[in-house]
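**Student:** TSV, C-alpha atoms, saved as structure00.tsv, coming up:
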chain	number	residue	atom	x	y	z
J	243	MET	CA	-30.29	-60.05	-23.68
J	244	GLN	CA	-33.16	-61.15	-21.42
J	245	ASN	CA	-33.80	-57.54	-20.38
J	246	ARG	CA	-34.04	-56.47	-24.03
J	247	ARG	CA	-36.61	-59.20	-24.69
J	248	LEU	CA	-38.67	-58.11	-21.68
J	249	GLU	CA	-38.43	-54.49	-22.84
J	250	GLY	CA	-39.74	-55.49	-26.26
J	251	MET	CA	-42.64	-57.45	-24.77
J	252	ARG	CA	-43.56	-54.54	-22.48
J	253	SER	CA	-43.51	-52.20	-25.46
J	254	MET	CA	-45.76	-54.57	-27.42
J	255	VAL	CA	-48.32	-54.89	-24.60
J	256	THR	CA	-48.26	-51.14	-23.87
J	257	ALA	CA	-48.66	-50.36	-27.56
J	258	PHE	CA	-51.81	-52.43	-27.89
J	259	LEU	CA	-53.25	-50.95	-24.69
J	260	LEU	CA	-52.67	-47.47	-26.14
J	261	LEU	CA	-54.20	-48.47	-29.48
J	262	LEU	CA	-57.26	-49.81	-27.63
J	263	THR	CA	-57.48	-46.64	-25.53
J	264	SER	CA	-57.19	-44.41	-28.58
J	265	ASN	CA	-59.96	-46.26	-30.38
J	266	ILE	CA	-62.21	-45.88	-27.33
J	267	MET	CA	-61.46	-42.14	-27.41
J	268	LEU	CA	-62.22	-41.95	-31.13
J	269	VAL	CA	-65.68	-43.50	-30.73
J	270	THR	CA	-66.56	-40.89	-28.08
J	271	ASN	CA	-66.88	-38.34	-30.88
J	272	GLY	CA	-70.08	-36.40	-30.19
J	273	HIS	CA	-70.18	-37.47	-26.54
J	274	LEU	CA	-67.02	-35.78	-25.20
J	275	PRO	CA	-65.31	-32.47	-26.04
J	276	ALA	CA	-63.46	-32.55	-29.38
J	277	PHE	CA	-60.07	-32.53	-27.63
J	278	PHE	CA	-60.48	-36.16	-26.51
J	279	PRO	CA	-61.42	-37.92	-29.77
J	280	PHE	CA	-59.60	-35.66	-32.24
J	281	VAL	CA	-56.48	-34.34	-30.51
J	282	LEU	CA	-55.73	-36.77	-27.68
J	283	GLY	CA	-57.19	-39.88	-29.34
J	284	ASN	CA	-55.19	-39.54	-32.55
J	285	THR	CA	-52.00	-38.62	-30.69
J	286	VAL	CA	-52.31	-41.66	-28.40
J	287	LEU	CA	-52.93	-43.78	-31.50
J	288	LEU	CA	-49.69	-42.58	-33.06
J	289	ILE	CA	-47.76	-43.14	-29.82
J	290	GLY	CA	-49.16	-46.67	-29.79
J	291	PHE	CA	-47.85	-47.21	-33.32
J	292	ALA	CA	-44.47	-45.82	-32.26
J	293	LEU	CA	-44.25	-48.23	-29.29
J	294	LEU	CA	-45.28	-51.06	-31.58
J	295	HIS	CA	-42.45	-49.94	-33.86
J	296	PHE	CA	-39.91	-50.14	-31.02
J	297	SER	CA	-41.09	-53.55	-29.84
J	298	PHE	CA	-38.85	-55.17	-32.45
J	299	PRO	CA	-35.10	-55.63	-31.78
J	300	GLU	CA	-34.29	-54.80	-35.42
J	301	VAL	CA	-35.79	-51.34	-34.84
J	302	ARG	CA	-34.29	-50.81	-31.38
J	303	ALA	CA	-30.83	-51.54	-32.84
J	304	ARG	CA	-31.32	-48.41	-34.97
J	305	ALA	CA	-33.37	-46.59	-32.35
J	306	ARG	CA	-31.69	-43.21	-32.08
J	307	SER	CA	-32.83	-41.74	-35.38
J	308	GLN	CA	-36.12	-43.65	-35.26
J	309	ARG	CA	-37.00	-42.25	-31.82
J	310	ARG	CA	-36.33	-38.73	-33.01
J	311	LEU	CA	-38.60	-39.36	-36.00
J	312	SER	CA	-41.39	-40.76	-33.77
J	313	ILE	CA	-41.20	-37.86	-31.31
J	314	ALA	CA	-41.23	-35.34	-34.15
J	315	LEU	CA	-44.27	-37.01	-35.75
J	316	ALA	CA	-46.15	-37.11	-32.43
J	317	VAL	CA	-45.45	-33.42	-31.76
J	318	ILE	CA	-46.46	-32.43	-35.30
J	319	LEU	CA	-49.65	-34.51	-35.12
J	320	PHE	CA	-50.65	-33.10	-31.72
J	321	THR	CA	-49.96	-29.52	-32.82
J	322	THR	CA	-51.78	-29.79	-36.13
J	323	HIS	CA	-54.79	-31.48	-34.53
J	324	LEU	CA	-55.00	-28.69	-31.95
J	325	PHE	CA	-54.86	-26.13	-34.74
J	326	PHE	CA	-57.42	-27.86	-36.96
J	327	THR	CA	-59.76	-28.46	-34.02
J	328	TYR	CA	-59.76	-25.07	-32.25
J	329	VAL	CA	-58.20	-22.49	-34.58
J	330	HIS	CA	-59.28	-23.56	-38.05
J	331	ALA	CA	-61.68	-26.50	-37.64
J	332	SER	CA	-61.14	-29.00	-40.47
J	333	HIS	CA	-61.82	-32.72	-40.18
J	334	LEU	CA	-60.26	-33.26	-43.62
J	335	ALA	CA	-56.99	-31.69	-42.50
J	336	ARG	CA	-56.88	-33.85	-39.37
J	337	VAL	CA	-57.39	-37.00	-41.43
J	338	LEU	CA	-54.76	-35.82	-43.90
J	339	PHE	CA	-52.09	-35.28	-41.26
J	340	PHE	CA	-52.96	-38.49	-39.42
J	341	SER	CA	-52.68	-40.55	-42.61
J	342	VAL	CA	-49.32	-38.98	-43.45
J	343	THR	CA	-47.82	-39.68	-40.00
J	344	VAL	CA	-49.10	-43.26	-39.75
J	345	ALA	CA	-47.97	-43.98	-43.33
J	346	ILE	CA	-44.46	-42.76	-42.50
J	347	GLN	CA	-44.28	-44.61	-39.17
J	348	SER	CA	-45.63	-47.91	-40.54
J	349	GLY	CA	-43.54	-47.64	-43.70
J	350	ALA	CA	-40.36	-47.13	-41.67
J	351	THR	CA	-41.19	-50.18	-39.55
J	352	ALA	CA	-41.85	-52.29	-42.63
J	353	ILE	CA	-38.58	-51.30	-44.32
J	354	ILE	CA	-36.42	-51.93	-41.23
J	355	LEU	CA	-38.03	-55.30	-40.45
J	356	PHE	CA	-37.69	-56.46	-44.05
J	357	ARG	CA	-34.10	-55.32	-44.56
J	358	PHE	CA	-32.60	-56.27	-41.21
J	359	ALA	CA	-34.48	-59.45	-40.26
J	360	ASP	CA	-32.18	-61.94	-38.55
J	361	ARG	CA	-31.68	-65.14	-40.49
J	362	GLU	CA	-33.17	-67.37	-37.78
J	363	VAL	CA	-36.45	-65.40	-37.68
J	364	ARG	CA	-36.55	-64.09	-41.24
J	365	TYR	CA	-39.93	-65.60	-42.18
J	366	PRO	CA	-42.07	-64.29	-39.26
J	367	THR	CA	-40.24	-60.96	-39.26
J	368	ARG	CA	-40.85	-60.40	-42.96
J	369	CYS	CA	-44.50	-61.41	-42.52
J	370	THR	CA	-44.72	-58.70	-39.86
J	371	ALA	CA	-43.03	-56.27	-42.24
J	372	ALA	CA	-45.67	-57.06	-44.86
J	373	ILE	CA	-48.46	-56.19	-42.42
J	374	PHE	CA	-46.89	-52.84	-41.57
J	375	GLY	CA	-46.39	-52.27	-45.27
J	376	LEU	CA	-50.11	-52.96	-45.76
J	377	ILE	CA	-51.01	-50.35	-43.12
J	378	SER	CA	-48.69	-47.83	-44.78
J	379	ALA	CA	-50.20	-48.57	-48.19
J	380	ILE	CA	-53.74	-48.15	-46.83
J	381	GLN	CA	-52.86	-44.77	-45.37
J	382	ALA	CA	-51.24	-43.76	-48.66
J	383	SER	CA	-54.45	-44.83	-50.43
J	384	ARG	CA	-56.44	-42.61	-48.08
J	385	LEU	CA	-54.25	-39.72	-49.16
J	386	VAL	CA	-54.97	-40.50	-52.82
J	387	TRP	CA	-58.70	-40.68	-51.98
J	388	ILE	CA	-58.54	-37.27	-50.32
J	389	ALA	CA	-56.64	-35.81	-53.29
J	390	ILE	CA	-59.33	-37.10	-55.70
J	391	TYR	CA	-62.54	-36.51	-53.77
J	392	ARG	CA	-61.48	-33.62	-51.48
J	393	VAL	CA	-63.27	-35.31	-48.60
J	394	ALA	CA	-62.26	-37.67	-45.76
J	395	PRO	CA	-63.25	-41.32	-46.40
J	396	ASP	CA	-65.18	-41.57	-43.11
J	397	GLU	CA	-67.40	-38.67	-44.17
J	398	VAL	CA	-68.77	-40.69	-47.08
J	399	THR	CA	-71.52	-43.14	-46.15
J	400	GLY	CA	-70.60	-46.69	-47.12
J	401	SER	CA	-67.07	-45.66	-48.13
J	402	ALA	CA	-65.06	-48.71	-49.15
J	403	MET	CA	-61.84	-46.94	-48.14
J	404	ARG	CA	-63.11	-46.60	-44.58
J	405	TRP	CA	-63.80	-50.33	-44.34
J	406	ILE	CA	-60.45	-51.18	-45.92
J	407	ALA	CA	-58.70	-49.10	-43.24
J	408	LEU	CA	-60.68	-50.83	-40.47
J	409	LEU	CA	-59.84	-54.22	-41.98
J	410	GLY	CA	-56.15	-53.29	-42.05
J	411	TYR	CA	-56.22	-52.36	-38.35
J	412	ALA	CA	-58.03	-55.63	-37.57
J	413	VAL	CA	-55.34	-57.64	-39.41
J	414	LEU	CA	-52.66	-55.73	-37.51
J	415	ALA	CA	-54.29	-56.38	-34.14
J	416	ALA	CA	-54.91	-60.06	-34.88
J	417	THR	CA	-51.60	-61.08	-36.43
J	418	VAL	CA	-48.75	-58.88	-35.18
J	419	PRO	CA	-48.84	-60.17	-31.56
J	420	LEU	CA	-48.90	-63.77	-32.81
J	421	LEU	CA	-46.02	-63.14	-35.21
J	422	TYR	CA	-44.11	-61.29	-32.50
J	423	PHE	CA	-44.39	-64.12	-29.99
J	424	TRP	CA	-43.56	-66.62	-32.74
J	425	THR	CA	-40.39	-64.62	-33.38
J	426	MET	CA	-39.53	-64.50	-29.67
J	427	THR	CA	-40.12	-68.27	-29.38
J	428	VAL	CA	-37.75	-68.97	-32.26
J	429	ARG	CA	-35.12	-66.67	-30.75
J	430	LEU	CA	-35.48	-68.35	-27.35
J	431	GLN	CA	-35.18	-71.79	-28.91
J	432	GLY	CA	-32.02	-70.71	-30.70
J	433	ARG	CA	-30.63	-69.32	-27.45
J	434	LEU	CA	-31.37	-72.57	-25.59
J	435	GLU	CA	-29.64	-74.57	-28.32
J	436	GLN	CA	-26.65	-72.25	-28.09
J	437	LEU	CA	-26.49	-72.69	-24.30
J	438	ALA	CA	-26.62	-76.46	-24.73
J	439	PHE	CA	-23.51	-76.48	-26.94
J	440	THR	CA	-21.42	-73.55	-25.69
J	441	ASP	CA	-19.63	-72.56	-22.52
J	442	PRO	CA	-21.46	-69.59	-20.95
J	443	LEU	CA	-18.32	-67.87	-19.64
J	444	THR	CA	-16.15	-67.93	-22.75
J	445	GLY	CA	-18.66	-68.56	-25.54
J	446	LEU	CA	-16.52	-71.47	-26.75
J	447	LEU	CA	-17.78	-74.96	-27.51
J	448	ASN	CA	-18.39	-77.10	-24.43
J	449	ARG	CA	-17.38	-80.72	-23.75
J	450	ARG	CA	-20.54	-82.14	-25.30
J	451	SER	CA	-20.24	-80.24	-28.56
J	452	ILE	CA	-16.49	-80.79	-29.02
J	453	GLU	CA	-17.00	-84.53	-28.47
J	454	GLN	CA	-19.61	-84.51	-31.26
J	455	GLU	CA	-17.18	-82.64	-33.53
J	456	GLY	CA	-14.43	-85.11	-32.67
J	457	ASN	CA	-16.57	-88.14	-33.45
J	458	ILE	CA	-17.52	-86.60	-36.80
J	459	GLU	CA	-13.81	-86.22	-37.65
J	460	LEU	CA	-13.07	-89.78	-36.54
J	461	SER	CA	-15.89	-91.03	-38.79
J	462	ARG	CA	-14.31	-89.15	-41.67
J	463	LEU	CA	-11.04	-91.01	-41.06
J	464	VAL	CA	-12.87	-94.34	-41.15
J	465	ARG	CA	-14.38	-93.42	-44.52
J	466	SER	CA	-11.07	-92.05	-45.86
J	467	PRO	CA	-8.17	-94.02	-44.36
J	468	THR	CA	-5.64	-92.12	-46.50
J	469	ALA	CA	-6.73	-88.70	-45.14
J	470	LEU	CA	-4.46	-86.75	-42.83
J	471	PRO	CA	-4.85	-87.73	-39.17
J	472	LEU	CA	-6.79	-85.97	-36.43
J	473	SER	CA	-4.84	-84.38	-33.58
J	474	VAL	CA	-5.96	-82.89	-30.28
J	475	ILE	CA	-4.31	-80.56	-27.80
J	476	LEU	CA	-5.38	-80.69	-24.17
J	477	LEU	CA	-4.46	-77.41	-22.46
J	478	ASP	CA	-4.56	-76.76	-18.72
J	479	LEU	CA	-3.61	-73.50	-16.99
J	480	ASP	CA	-0.86	-73.90	-14.42
J	481	SER	CA	-1.55	-73.25	-10.72
J	482	PHE	CA	-5.01	-71.91	-11.43
J	483	LYS	CA	-6.26	-72.60	-7.91
J	484	GLN	CA	-3.49	-70.43	-6.47
J	485	LEU	CA	-4.42	-67.72	-9.00
J	486	ASN	CA	-8.02	-67.76	-7.74
J	487	ASP	CA	-6.87	-67.76	-4.11
J	488	ARG	CA	-4.54	-64.80	-4.64
J	489	TYR	CA	-6.53	-62.58	-6.99
J	490	GLY	CA	-10.09	-63.83	-6.45
J	491	HIS	CA	-12.52	-65.82	-8.56
J	492	PRO	CA	-13.58	-62.81	-10.67
J	493	ALA	CA	-9.94	-62.48	-11.73
J	494	GLY	CA	-9.89	-66.19	-12.63
J	495	ASP	CA	-13.01	-65.80	-14.76
J	496	HIS	CA	-11.43	-62.78	-16.44
J	497	VAL	CA	-8.31	-64.81	-17.26
J	498	LEU	CA	-10.41	-67.62	-18.78
J	499	HIS	CA	-12.47	-65.20	-20.86
J	500	THR	CA	-9.36	-63.32	-22.02
J	501	LEU	CA	-7.60	-66.58	-22.84
J	502	SER	CA	-10.43	-67.66	-25.14
J	503	SER	CA	-10.22	-64.36	-27.03
J	504	ILE	CA	-6.46	-64.80	-27.40
J	505	LEU	CA	-6.46	-68.42	-28.55
J	506	SER	CA	-9.37	-68.35	-31.02
J	507	PRO	CA	-7.80	-65.93	-33.57
J	508	SER	CA	-4.50	-67.84	-33.50
J	509	LEU	CA	-6.04	-71.08	-34.78
J	510	ARG	CA	-6.85	-72.07	-38.34
J	511	GLY	CA	-10.33	-71.63	-39.72
J	512	PHE	CA	-11.20	-75.34	-39.52
J	513	ASP	CA	-9.76	-75.91	-36.02
J	514	ARG	CA	-12.11	-76.08	-33.04
J	515	LEU	CA	-11.52	-74.68	-29.56
J	516	ALA	CA	-13.53	-75.73	-26.51
J	517	ARG	CA	-13.55	-75.20	-22.78
J	518	ILE	CA	-14.21	-78.64	-21.35
J	519	GLY	CA	-14.16	-77.80	-17.65
J	520	GLY	CA	-12.60	-75.43	-15.13
J	521	GLU	CA	-9.30	-74.16	-16.53
J	522	GLU	CA	-9.04	-76.95	-19.11
J	523	PHE	CA	-9.32	-76.33	-22.86
J	524	LEU	CA	-9.30	-78.63	-25.86
J	525	VAL	CA	-8.12	-77.82	-29.38
J	526	LEU	CA	-9.39	-80.08	-32.16
J	527	LEU	CA	-7.04	-80.14	-35.15
J	528	PRO	CA	-8.51	-81.90	-38.22
J	529	GLN	CA	-6.12	-83.03	-40.98
J	530	THR	CA	-3.09	-82.40	-38.77
J	531	ASN	CA	-0.21	-84.79	-38.12
J	532	LEU	CA	1.72	-85.03	-34.86
J	533	GLU	CA	4.56	-82.72	-35.90
J	534	GLN	CA	2.16	-80.00	-36.99
J	535	ALA	CA	0.11	-80.40	-33.81
J	536	VAL	CA	3.21	-80.03	-31.61
J	537	ASP	CA	4.19	-76.87	-33.49
J	538	ILE	CA	0.71	-75.42	-32.93
J	539	ALA	CA	0.78	-76.41	-29.24
J	540	GLU	CA	4.17	-74.77	-28.72
J	541	ARG	CA	2.94	-71.61	-30.42
J	542	LEU	CA	-0.10	-71.53	-28.12
J	543	ARG	CA	2.10	-72.09	-25.06
J	544	ILE	CA	4.33	-69.14	-25.96
J	545	LEU	CA	1.31	-67.00	-26.77
J	546	ILE	CA	-0.16	-67.61	-23.30
J	547	GLU	CA	3.15	-67.09	-21.51
J	548	THR	CA	3.84	-63.75	-23.22
J	549	ALA	CA	0.26	-62.41	-23.10
J	550	THR	CA	-0.66	-59.71	-20.60
J	551	PHE	CA	-3.60	-60.56	-18.36
J	552	ARG	CA	-4.77	-57.48	-16.48
J	553	PHE	CA	-7.48	-57.44	-13.85
J	554	GLU	CA	-8.22	-54.24	-11.95
J	555	HIS	CA	-4.72	-53.05	-10.91
J	556	ASN	CA	-3.00	-56.41	-11.21
J	557	VAL	CA	-0.99	-57.98	-14.02
J	558	ILE	CA	-1.52	-61.72	-13.62
J	559	PRO	CA	1.19	-64.12	-14.87
J	560	VAL	CA	-0.32	-67.09	-16.69
J	561	THR	CA	1.27	-70.22	-18.15
J	562	ALA	CA	-0.16	-73.50	-19.44
J	563	SER	CA	0.79	-77.12	-19.82
J	564	LEU	CA	-0.27	-78.93	-22.99
J	565	GLY	CA	-0.65	-82.57	-23.97
J	566	VAL	CA	-0.79	-83.59	-27.64
J	567	ALA	CA	-2.21	-86.78	-29.17
J	568	THR	CA	-2.75	-87.89	-32.76
J	569	THR	CA	-4.86	-90.71	-34.17
J	570	PRO	CA	-2.80	-93.75	-35.15
J	571	THR	CA	-3.02	-95.46	-38.50
J	572	THR	CA	-5.82	-97.69	-37.18
J	573	PRO	CA	-9.06	-95.98	-36.11
J	574	GLU	CA	-9.67	-95.48	-32.39
J	575	SER	CA	-12.44	-94.11	-30.22
J	576	TRP	CA	-12.76	-90.53	-29.01
J	577	SER	CA	-12.29	-91.59	-25.39
J	578	SER	CA	-9.06	-93.41	-26.30
J	579	LEU	CA	-7.67	-90.35	-28.08
J	580	MET	CA	-8.62	-88.12	-25.14
J	581	SER	CA	-7.03	-90.53	-22.66
J	582	ARG	CA	-3.69	-90.31	-24.48
J	583	ALA	CA	-3.88	-86.52	-24.64
J	584	ASP	CA	-4.75	-86.43	-20.92
J	585	ALA	CA	-1.78	-88.67	-20.08
J	586	ASN	CA	0.54	-86.37	-22.02
J	587	LEU	CA	-0.91	-83.34	-20.26
J	588	TYR	CA	-0.10	-84.82	-16.85
J	589	LEU	CA	3.37	-85.69	-18.13
J	590	ALA	CA	3.87	-81.98	-18.93
J	591	LYS	CA	2.74	-81.13	-15.40
J	592	ARG	CA	5.16	-83.63	-13.84
J	593	LEU	CA	8.05	-82.32	-15.94
J	594	GLY	CA	7.66	-78.85	-14.45
J	595	ARG	CA	4.64	-77.23	-16.17
J	596	ASN	CA	4.63	-74.57	-18.91
J	597	ARG	CA	5.59	-77.08	-21.55
J	598	VAL	CA	4.24	-79.35	-24.31
J	599	ALA	CA	4.37	-83.15	-23.89
J	600	VAL	CA	3.76	-85.87	-26.47
Write the structure described by the file as structure tokens, please.
**Tutor:**
Amino acid sequence: MQNRRLEGMRSMVTAFLLLLTSNIMLVTNGHLPAFFPFVLGNTVLLIGFALLHFSFPEVRARARSQRRLSIALAVILFTTHLFFTYVHASHLARVLFFSVTVAIQSGATAIILFRFADREVRYPTRCTAAIFGLISAIQASRLVWIAIYRVAPDEVTGSAMRWIALLGYAVLAATVPLLYFWTMTVRLQGRLEQLAFTDPLTGLLNRRSIEQEGNIELSRLVRSPTALPLSVILLDLDSFKQLNDRYGHPAGDHVLHTLSSILSPSLRGFDRLARIGGEEFLVLLPQTNLEQAVDIAERLRILIETATFRFEHNVIPVTASLGVATTPTTPESWSSLMSRADANLYLAKRLGRNRVAV
């Protein structure tokens, strides 16, 4: 994830350096051979737009066809500019082909950003899409101008279309980097919030977040005394230290990650599963009485015992002990409920492991 963000930022910086370089080349018209401003300058400008296009994760996620399109446009632009500079000199034709390629490239960027913007960054991403749409519309307007007047806008002194195009590029240069870094900041903030509430190995809730969820459910019981009780299952893998010693810590991490993927689909939609430390997991069961909670715990125990945990060339046997606790008729604290579940878990361990205790 971090590497993809750095790749996007490098693309953004490189794109603007290329756009700056291309504009320097374009203003050398009359001072350097025509190859530099007309052929190389316009090609570098298009490559800069393409890199700008691929700076966004929404585009990179659909990059295969988009890269082919960008390469094809760059090759076509370079070839046509060579032809209309040295074989059949025509400034109008160069402007025509440049406007077509930039309109297509910018339009594709605008459509992808608008359609596939992630929910968390929808506003800045769609603002960026609007700017690329503006650039595409300006280039399309240049094509209409050419069709009407049969002359390139920059060949007409005081042409409003020329100044509109320059204004569009100025808006692009001034706002897209700011919007891009705004988007990256929002994504980073979301990632930090996710790390604060989830376990990095399994992606499950962590101790802090499951405690918050539990307190919310306990508050609900205080408000609605007649509601079904809250139950918890404390689950601990048996002999996990010996598993790590025999197969290695990478194997232990693999077992924990695999276990989370096995347990999550077997729970109900409103249940919550968390890894609260080491090989210990907690299942939060809202609106669940003791009998139902024991049934769920026994089902989880059998599921773990019969699952196949493979790491490299080894099949690793895994079992778990589980302690179940349910809120009494009178409200209690989260720590009190957890203490009873913990006591039942250790009872299951003392009775021989691989069992459910209440």
**Student:** Skip J:Arg368 itself and residues of its chain fewer than 3 positions away, then list as a ChimeraX atom specification all residues within 10 Å of it, counting only C-alpha atoms.
**Tutor:** /J:352-360,363-365,371-374,421
**Student:** For each of J:Gly565, J:Pro395, J:Gly410, J:Gly519, take the minimum atom-to-atom distance to J:Val536, counting all atoms listed in the file, then give the residue where this is smallest.
**Tutor:**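 Of all the options, J:Gly565 lies closest to J:Val536.
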**Student:** Between stretch 495-555 of chain J and stretch 469-489 of chain J, at 10 Å or less, what are the per-residue closest atom pairs and their distances in Å? Count all atoms listed in the file, order by chain and rising residue number, and return it as a tab-separated table.
**Tutor:**
residue	atom	partner	partner_atom	distance
J:Asp495	CA	J:Asn486	CA	8.8
J:Val497	CA	J:Leu485	CA	9.6
J:Leu498	CA	J:Leu479	CA	9.2
J:Leu501	CA	J:Leu479	CA	9.9
J:Asp513	CA	J:Val474	CA	9.8
J:Arg514	CA	J:Val474	CA	9.6
J:Leu515	CA	J:Ile475	CA	9.5
J:Ala516	CA	J:Leu476	CA	9.8
J:Arg517	CA	J:Leu477	CA	9.4
J:Ile518	CA	J:Leu476	CA	9.5
J:Gly519	CA	J:Asp478	CA	9.7
J:Gly520	CA	J:Asp478	CA	8.9
J:Glu521	CA	J:Leu479	CA	5.7
J:Glu522	CA	J:Asp478	CA	4.5
J:Phe523	CA	J:Leu477	CA	5.0
J:Leu524	CA	J:Leu476	CA	4.7
J:Val525	CA	J:Ile475	CA	5.0
J:Leu526	CA	J:Val474	CA	4.8
J:Leu527	CA	J:Ser473	CA	5.0
J:Pro528	CA	J:Leu472	CA	4.8
J:Gln529	CA	J:Leu470	CA	4.5
J:Thr530	CA	J:Pro471	CA	5.6
J:Asn531	CA	J:Pro471	CA	5.6
J:Leu532	CA	J:Ser473	CA	6.7
J:Glu533	CA	J:Ser473	CA	9.8
J:Gln534	CA	J:Ser473	CA	8.9
J:Ala535	CA	J:Ser473	CA	6.4
J:Val536	CA	J:Ile475	CA	8.4
J:Ile538	CA	J:Ile475	CA	8.8
J:Ala539	CA	J:Ile475	CA	6.7
J:Leu542	CA	J:Leu477	CA	9.3
J:Arg543	CA	J:Leu477	CA	8.8
J:Ile546	CA	J:Leu479	CA	9.3
J:Phe553	CA	J:Tyr489	CA	8.6
J:Glu554	CA	J:Tyr489	CA	9.8
**Student:** Which residue gives the smallest distance to J:Leu460 among J:Leu579, J:Ala549, J:Ile377, J:Ala331, with all atoms listed in the file counted?
**Tutor:**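 Result for the nearest residue to J:Leu460: J:Leu579.
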**Student:** With distances taken over only C-alpha atoms, which of J:His323, J:Arg302, J:Arg541, J:His295 is nearest to J:Ile346?
**Tutor:** J:His295
**Student:** Do you have, as CSV, the list of residues of stretch 287-387 of chain J lying at most 7 Å from stretch 253-272 of chain J, each with its nearest atom pair and that distance in Å to one decimal, counting all atoms listed in the file and ordered by chain then number?
**Tutor:**
residue,atom,partner,partner_atom,distance
J:Leu287,CA,J:Ser264,CA,5.2
J:Gly290,CA,J:Ala257,CA,4.3
J:Phe291,CA,J:Ala257,CA,6.6
J:Leu293,CA,J:Ala257,CA,5.2
J:Leu294,CA,J:Ala257,CA,5.3
J:Phe296,CA,J:Ser253,CA,6.9
J:Ser297,CA,J:Ser253,CA,5.2
